[in-house]
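**Q** upload17.tsv is reproduced below (TSV, C-alpha atoms).
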chain	number	residue	atom	x	y	z
A	1	MET	CA	0.00	0.00	0.00
A	2	SER	CA	1.31	3.46	-0.91
A	3	ILE	CA	2.42	5.69	1.93
A	4	TRP	CA	1.52	8.84	0.01
A	5	PRO	CA	-1.81	10.42	0.97
A	6	LYS	CA	-4.64	10.96	-1.50
A	7	SER	CA	-5.85	14.00	0.44
A	8	ILE	CA	-4.60	16.14	3.32
A	9	TRP	CA	-7.09	14.50	5.67
A	10	ASP	CA	-5.24	11.20	5.28
A	11	PHE	CA	-2.69	12.67	7.69
A	12	ALA	CA	-5.39	12.42	10.38
A	13	ASN	CA	-4.93	8.66	10.33
A	14	PRO	CA	-2.15	7.99	12.88
A	15	ALA	CA	-0.96	4.81	11.15
A	16	ARG	CA	-0.65	6.56	7.79
A	17	PHE	CA	1.03	9.55	9.42
A	18	MET	CA	3.57	7.29	11.09
A	19	ARG	CA	4.41	5.57	7.79
A	20	LEU	CA	4.74	8.79	5.85
A	21	SER	CA	6.64	10.68	8.56
A	22	GLY	CA	9.00	7.75	9.03
A	23	ALA	CA	9.84	7.84	5.32
A	24	LEU	CA	10.26	11.63	5.22
A	25	LEU	CA	12.17	12.19	8.46
A	26	PRO	CA	15.66	11.07	7.30
A	27	TRP	CA	15.44	13.16	4.13
A	28	VAL	CA	14.11	16.26	5.86
A	29	SER	CA	16.77	15.96	8.58
A	30	ALA	CA	19.55	15.66	6.01
A	31	ALA	CA	18.23	18.62	4.03
A	32	ALA	CA	17.96	20.69	7.23
A	33	ALA	CA	21.54	19.90	8.22
A	34	ALA	CA	22.84	20.77	4.74
A	35	ALA	CA	20.89	24.05	4.50
A	36	LEU	CA	21.81	25.13	8.04
A	37	ALA	CA	25.48	24.33	7.57
A	38	GLY	CA	25.58	26.10	4.22
A	39	GLY	CA	23.67	29.18	5.35
A	40	LEU	CA	25.46	29.67	8.68
A	41	VAL	CA	28.97	28.97	7.38
A	42	TRP	CA	28.37	31.23	4.38
A	43	GLY	CA	26.86	33.95	6.53
A	44	PHE	CA	29.35	33.93	9.39
A	45	PHE	CA	32.60	33.33	7.51
A	46	PHE	CA	32.12	34.48	3.92
A	47	THR	CA	30.23	37.77	4.20
A	48	PRO	CA	31.81	41.13	5.04
A	49	ASP	CA	31.19	43.21	8.14
A	50	ASP	CA	28.50	45.85	7.78
A	51	TYR	CA	29.75	49.42	7.37
A	52	GLN	CA	27.61	50.57	10.32
A	53	GLN	CA	27.03	47.50	12.49
A	54	GLY	CA	30.33	45.73	11.99
A	55	ALA	CA	30.47	41.99	12.71
A	56	THR	CA	27.36	42.14	14.92
A	57	VAL	CA	25.21	42.13	11.79
A	58	LYS	CA	25.95	38.41	11.42
A	59	ILE	CA	23.58	37.67	14.29
A	60	ILE	CA	20.95	38.16	11.59
A	61	TYR	CA	21.53	34.57	10.39
A	62	ILE	CA	20.14	33.23	13.66
A	63	HIS	CA	17.92	36.07	14.86
A	64	VAL	CA	15.77	36.52	11.76
A	65	PRO	CA	15.05	32.80	11.14
A	66	ALA	CA	14.33	32.25	14.85
A	67	ALA	CA	11.97	35.24	15.00
A	68	THR	CA	10.23	34.19	11.79
A	69	LEU	CA	9.69	30.68	13.11
A	70	ALA	CA	8.53	31.95	16.50
A	71	ILE	CA	5.58	33.60	14.79
A	72	ASN	CA	4.89	30.97	12.15
A	73	VAL	CA	5.07	28.02	14.53
A	74	TYR	CA	2.37	29.65	16.66
A	75	ALA	CA	0.32	30.24	13.51
A	76	PHE	CA	0.75	26.54	12.68
A	77	MET	CA	-0.39	25.61	16.18
A	78	GLY	CA	-3.45	27.83	15.72
A	79	ILE	CA	-4.38	26.07	12.48
A	80	MET	CA	-3.88	22.63	14.04
A	81	SER	CA	-5.93	23.68	17.08
A	82	LEU	CA	-8.76	24.88	14.85
A	83	ILE	CA	-8.74	21.59	12.94
A	84	TRP	CA	-8.93	19.74	16.25
A	85	LEU	CA	-11.89	21.77	17.45
A	86	ILE	CA	-13.76	21.34	14.16
A	87	ARG	CA	-12.76	17.89	12.90
A	88	ARG	CA	-11.57	16.19	16.14
A	89	HIS	CA	-8.50	14.72	14.44
A	90	HIS	CA	-6.11	13.63	17.17
A	91	VAL	CA	-2.99	13.97	15.02
A	92	SER	CA	-3.67	17.71	14.60
A	93	ALA	CA	-3.91	18.20	18.39
A	94	LEU	CA	-0.74	16.19	18.93
A	95	ALA	CA	1.08	18.12	16.18
A	96	ALA	CA	0.18	21.39	17.91
A	97	LYS	CA	1.40	20.00	21.22
A	98	ALA	CA	4.63	18.79	19.59
A	99	ALA	CA	5.27	22.16	17.95
A	100	ALA	CA	4.92	24.23	21.14
A	101	PRO	CA	8.36	23.57	22.72
A	102	ILE	CA	10.02	24.16	19.36
A	103	GLY	CA	8.23	27.49	18.96
A	104	ALA	CA	9.04	28.48	22.53
A	105	GLY	CA	12.71	27.73	21.93
A	106	MET	CA	12.69	29.81	18.76
A	107	THR	CA	10.98	32.70	20.55
A	108	LEU	CA	13.55	32.60	23.36
A	109	ALA	CA	16.38	32.43	20.82
A	110	ALA	CA	14.94	35.45	19.00
A	111	ILE	CA	14.74	37.45	22.24
A	112	VAL	CA	18.27	36.50	23.37
A	113	THR	CA	19.92	37.12	19.99
A	114	GLY	CA	17.93	40.36	19.70
A	115	ALA	CA	19.39	41.48	23.02
A	116	LEU	CA	22.91	40.56	21.91
A	117	TRP	CA	22.36	42.48	18.69
A	118	GLY	CA	20.58	45.40	20.31
A	119	GLN	CA	23.08	46.18	23.05
A	120	PRO	CA	25.88	47.46	20.79
A	121	MET	CA	23.40	49.05	18.35
A	122	TRP	CA	20.89	50.62	20.78
A	123	GLY	CA	23.05	50.84	23.89
A	124	THR	CA	20.64	48.65	25.87
A	125	TRP	CA	19.87	44.94	26.20
A	126	TRP	CA	16.13	45.51	26.30
A	127	ALA	CA	13.62	48.21	25.42
A	128	TRP	CA	9.83	48.16	25.70
A	129	ASP	CA	9.65	48.38	21.96
A	130	PRO	CA	6.28	47.22	20.48
A	131	ARG	CA	7.75	44.23	18.67
A	132	LEU	CA	9.98	43.17	21.57
A	133	THR	CA	7.10	43.42	24.02
A	134	ALA	CA	4.82	41.43	21.73
A	135	PHE	CA	7.47	38.72	21.47
A	136	LEU	CA	7.79	38.54	25.24
A	137	ILE	CA	4.01	38.11	25.58
A	138	LEU	CA	4.13	35.46	22.84
A	139	LEU	CA	6.75	33.56	24.87
A	140	PHE	CA	4.38	33.65	27.87
A	141	PHE	CA	1.60	32.19	25.73
A	142	TYR	CA	3.93	29.38	24.61
A	143	ALA	CA	4.81	28.68	28.25
A	144	GLY	CA	1.16	28.77	29.30
A	145	TYR	CA	0.18	26.42	26.48
A	146	ILE	CA	2.86	23.89	27.45
A	147	ALA	CA	1.97	24.15	31.15
A	148	LEU	CA	-1.74	23.64	30.44
A	149	TRP	CA	-1.07	20.45	28.52
A	150	ALA	CA	0.99	19.18	31.45
A	151	ALA	CA	-1.61	20.15	34.06
A	152	ILE	CA	-4.60	18.28	32.59
A	153	GLU	CA	-4.57	14.50	32.71
A	154	ASP	CA	-7.35	13.77	30.20
A	155	PRO	CA	-5.77	14.29	26.74
A	156	ASP	CA	-8.98	15.31	24.97
A	157	ALA	CA	-9.85	17.89	27.62
A	158	ALA	CA	-6.28	19.17	27.49
A	159	ALA	CA	-6.49	19.43	23.71
A	160	ASP	CA	-9.75	21.41	23.94
A	161	LEU	CA	-8.50	23.93	26.50
A	162	THR	CA	-5.06	24.38	24.94
A	163	ALA	CA	-6.68	24.88	21.52
A	164	VAL	CA	-8.76	27.76	22.90
A	165	LEU	CA	-5.69	29.27	24.58
A	166	CYS	CA	-3.72	28.93	21.36
A	167	LEU	CA	-6.38	30.69	19.30
A	168	VAL	CA	-6.50	33.56	21.79
A	169	GLY	CA	-2.72	33.84	21.70
A	170	SER	CA	-2.76	34.00	17.89
A	171	VAL	CA	-3.59	37.68	18.28
A	172	PHE	CA	-0.12	38.26	19.73
A	173	ALA	CA	1.48	36.26	16.92
A	174	ILE	CA	-0.12	38.72	14.48
A	175	VAL	CA	0.92	41.69	16.63
A	176	SER	CA	4.49	40.32	16.80
A	177	ARG	CA	4.60	40.16	13.01
A	178	TYR	CA	3.12	43.57	12.27
A	179	ALA	CA	4.02	45.60	15.37
A	180	VAL	CA	6.35	47.91	13.46
A	181	ILE	CA	3.48	48.67	11.09
A	182	PHE	CA	0.84	49.17	13.80
A	183	TRP	CA	3.13	51.43	15.84
A	184	ALA	CA	5.68	53.63	14.09
A	185	GLN	CA	7.63	54.34	17.28
A	186	GLY	CA	10.18	51.91	18.64
A	187	LEU	CA	13.82	50.99	18.14
A	188	HIS	CA	13.30	47.85	16.09
A	189	GLN	CA	14.13	48.12	12.41
A	190	GLY	CA	11.79	47.10	9.61
A	191	ALA	CA	11.70	43.69	7.98
A	192	SER	CA	15.00	42.21	6.77
A	193	LEU	CA	13.17	40.06	4.23
A	194	SER	CA	10.17	41.22	2.27
A	195	LEU	CA	8.27	40.59	-0.96
A	196	ASP	CA	9.36	44.12	-1.80
A	197	ARG	CA	12.98	43.54	-2.76
A	198	GLU	CA	13.88	47.19	-2.11
A	199	THR	CA	13.31	46.72	1.65
A	200	ASN	CA	15.55	43.65	1.91
A	201	VAL	CA	19.11	43.68	3.21
A	202	ALA	CA	21.92	43.88	0.67
A	203	ASP	CA	22.36	40.85	-1.61
A	204	VAL	CA	25.66	39.89	0.03
A	205	PHE	CA	23.72	39.29	3.27
A	206	TRP	CA	20.36	38.37	1.70
A	207	ARG	CA	21.38	35.16	-0.09
A	208	PRO	CA	22.92	33.33	2.92
A	209	LEU	CA	20.04	34.64	5.05
A	210	VAL	CA	17.50	32.98	2.77
A	211	LEU	CA	19.48	29.72	2.94
A	212	SER	CA	19.60	29.94	6.75
A	213	LEU	CA	15.87	30.59	6.81
A	214	VAL	CA	15.23	27.48	4.69
A	215	GLY	CA	17.47	25.48	7.03
A	216	PHE	CA	15.57	26.65	10.12
A	217	PHE	CA	12.22	25.79	8.54
A	218	LEU	CA	13.46	22.33	7.59
A	219	LEU	CA	14.83	21.90	11.11
A	220	PHE	CA	11.40	22.77	12.49
A	221	LEU	CA	9.76	20.27	10.14
A	222	ALA	CA	12.19	17.51	11.17
A	223	LEU	CA	11.68	18.20	14.88
A	224	LEU	CA	7.92	18.42	14.37
A	225	LEU	CA	7.78	15.03	12.65
A	226	LEU	CA	9.98	13.48	15.34
A	227	ARG	CA	8.03	14.96	18.26
A	228	THR	CA	4.61	14.19	16.75
A	229	ARG	CA	5.65	10.58	16.24
A	230	THR	CA	6.69	10.49	19.90
A	231	GLU	CA	3.34	11.97	21.01
A	232	ILE	CA	1.44	9.36	18.99
A	233	ARG	CA	3.46	6.57	20.59
A	234	LEU	CA	2.86	8.00	24.07
A	235	ARG	CA	-0.88	8.18	23.36
A	236	ARG	CA	-0.88	4.56	22.19
A	237	ALA	CA	1.05	3.50	25.29
A	238	ARG	CA	-1.48	5.31	27.50
A	239	ALA	CA	-4.37	3.60	25.71
A	240	ILE	CA	-2.72	0.21	26.25
A	241	ARG	CA	-2.21	0.92	29.96
A	242	LEU	CA	-5.84	1.97	30.38
A	243	ALA	CA	-7.08	-1.10	28.49
A	244	SER	CA	-5.00	-3.39	30.67
A	245	GLY	CA	-6.18	-1.74	33.88
A	246	GLU	CA	-2.81	-0.15	34.61
A	247	GLY	CA	-4.02	3.40	34.21
A	248	PRO	CA	-3.98	6.05	36.95
A	249	ALA	CA	-5.85	5.07	40.09
A	250	PRO	CA	-9.12	6.91	40.79
A	251	ALA	CA	-8.99	9.78	43.26
A	252	GLN	CA	-9.57	8.77	46.89
A	253	PRO	CA	-12.45	10.44	48.78
A	254	SER	CA	-11.56	13.06	51.33
A	255	GLN	CA	-11.26	11.87	54.94
A	256	GLY	CA	-13.78	14.48	56.03
A	257	ALA	CA	-16.35	13.64	53.33
A	258	ALA	CA	-18.50	11.44	55.57
For the file at hand, write its structure as structure tokens.

**A**
Amino acid sequence: MSIWPKSIWDFANPARFMRLSGALLPWVSAAAAAALAGGLVWGFFFTPDDYQQGATVKIIYIHVPAATLAINVYAFMGIMSLIWLIRRHHVSALAAKAAAPIGAGMTLAAIVTGALWGQPMWGTWWAWDPRLTAFLILLFFYAGYIALWAAIEDPDAAADLTAVLCLVGSVFAIVSRYAVIFWAQGLHQGASLSLDRETNVADVFWRPLVLSLVGFFLLFLALLLLRTRTEIRLRRARAIRLASGEGPAPAQPSQGAA
């Protein structure tokens, strides 16, 4: 039987997802490693220093891809959460859960590298700039989403509540993306990459940046496939434990409940 789906909804079948993801994972991982190595080595060692920012401009090869993924991973989680709420496909809920720690890590990396870049440029590690503040709030939403999954024992109830939280937090993902448009004030520069080529960085920096961005996206995809496969296996193991009577013991009544 072919592993390739006939429609996107075939991914909702855990067995088919496991077959397809297992076939894709080695190739995606190899492509991610090649793109990351190429983009970062090219960017850090074979591009000149900027005439204003010096060597600090090379943080762009980590900061921009991490910031881009921080927003887009949350958008992905929002789409998966919406699919769960409408179609009740467990793989979508587990994919959202699997993506959250990756997105949180990217958000933290964007904030840290932004501070390292901002200190020599702005003279401060942190400013309550609209985009920076929106990113900090986005990190809190990631943390809250992860904590909520961990706090609720029933997986379907956890999926429902985290999906609602994720959709609410999507507002801050949008604000993080367009903060410099909504509010003109602030220290943060405009977009480094844009459909409008005139607003992009110079070509000498732009080409390795695009390669680094591709590498980060492929890295996310590889980690997503790996973590979703793990979540599916954990769910299967839980179902087996419950079927065999080895599930969590029922809560004991309070001593003073008589």

**Q** Which residue gives the smallest distance to A:Arg235 among A:Ala30, A:Ala93, A:Leu69, A:Met80, with all atoms listed in the file counted?

**A**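 Smallest separation from A:Arg235 among the options: A:Ala93.
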
**Q** In Å, rounded to a single decimal, give me how far atom CA of A:Leu225 is from atom CA of A:Pro14.

**A** 12.2 Å

**Q** I'd like to know which of A:Leu218, A:Ile71, A:Ile102, A:Ala96 is closest to A:Phe135, using only C-alpha atoms.

**A**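 Under the stated criterion, the closest residue is A:Ile71.
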
**Q** Would you work out the distance separating atom CA of A:Gly169 from atom CA of A:Leu138, expressed in Å to one decimal?

**A**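 Value for the atom CA of A:Gly169-atom CA of A:Leu138 distance: 7.1 Å.
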
**Q** Skipping near chain neighbours, those fewer than 3 positions away, what residues fall within 9 Å of A:Ala104 using all atoms listed in the file, listed as a PyMOL selection string?

**A** chain A and resi 70+73-74+99-101+107-109+138-143

**Q** Take atom CA of A:Ile59 and atom CA of A:Trp117 and report the distance between them in Å, one decimal.

**A**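 Going from atom CA of A:Ile59 over to atom CA of A:Trp117 covers 6.6 Å.
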
**Q** For each of A:Val204, A:Leu209, A:Ile232, A:Leu226, take the minimum atom-to-atom distance to A:Asn13, counting only C-alpha atoms, then give the residue where this is smallest.

**A**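 So, comparing all the options, the nearest one is A:Ile232.
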
**Q** Kindly indicate which residue among A:Ile83, A:Val91, A:Ala127, A:Ile60 lies nearest to A:Ala110, using only C-alpha atoms for the distances.

**A**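 Using only C-alpha atoms, A:Ala110 sits closest to A:Ile60.
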
**Q** Need the shell around stretch 34-37 of chain A: protein/DNA/RNA residues with any atom at most 8 Å away, counting all atoms listed in the file. Skip same-chain ones fewer than 4 positions apart. Format as a list in words?

**A**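 Non-adjacent residues within range: Ala30, Val41, Leu211, Ser212, Val214, Gly215 and Phe216 of chain A.
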
**Q** Suppose we keep C-alpha atoms; can you now write the selection as a compact mmCIF listing (two decimals), in the coordinates of the input?

**A**
# COMPACT_ATOMS: atom_id res chain seq x y z
CA ALA A 30 19.55 15.66 6.01
CA VAL A 41 28.97 28.97 7.38
CA LEU A 211 19.48 29.72 2.94
CA SER A 212 19.60 29.94 6.75
CA VAL A 214 15.23 27.48 4.69
CA GLY A 215 17.47 25.48 7.03
CA PHE A 216 15.57 26.65 10.12

**Q** I'd like to know which of A:Phe205, A:Trp27, A:Trp84, A:Trp149 is closest to A:Phe44, using only C-alpha atoms.

**A** A:Phe205

**Q** Identify which of the residues A:Ile240, A:Ile79, A:Ala67, A:Ala150 lies closest to A:Arg131, counting only C-alpha atoms when measuring atom-to-atom distances.

**A** A:Ala67
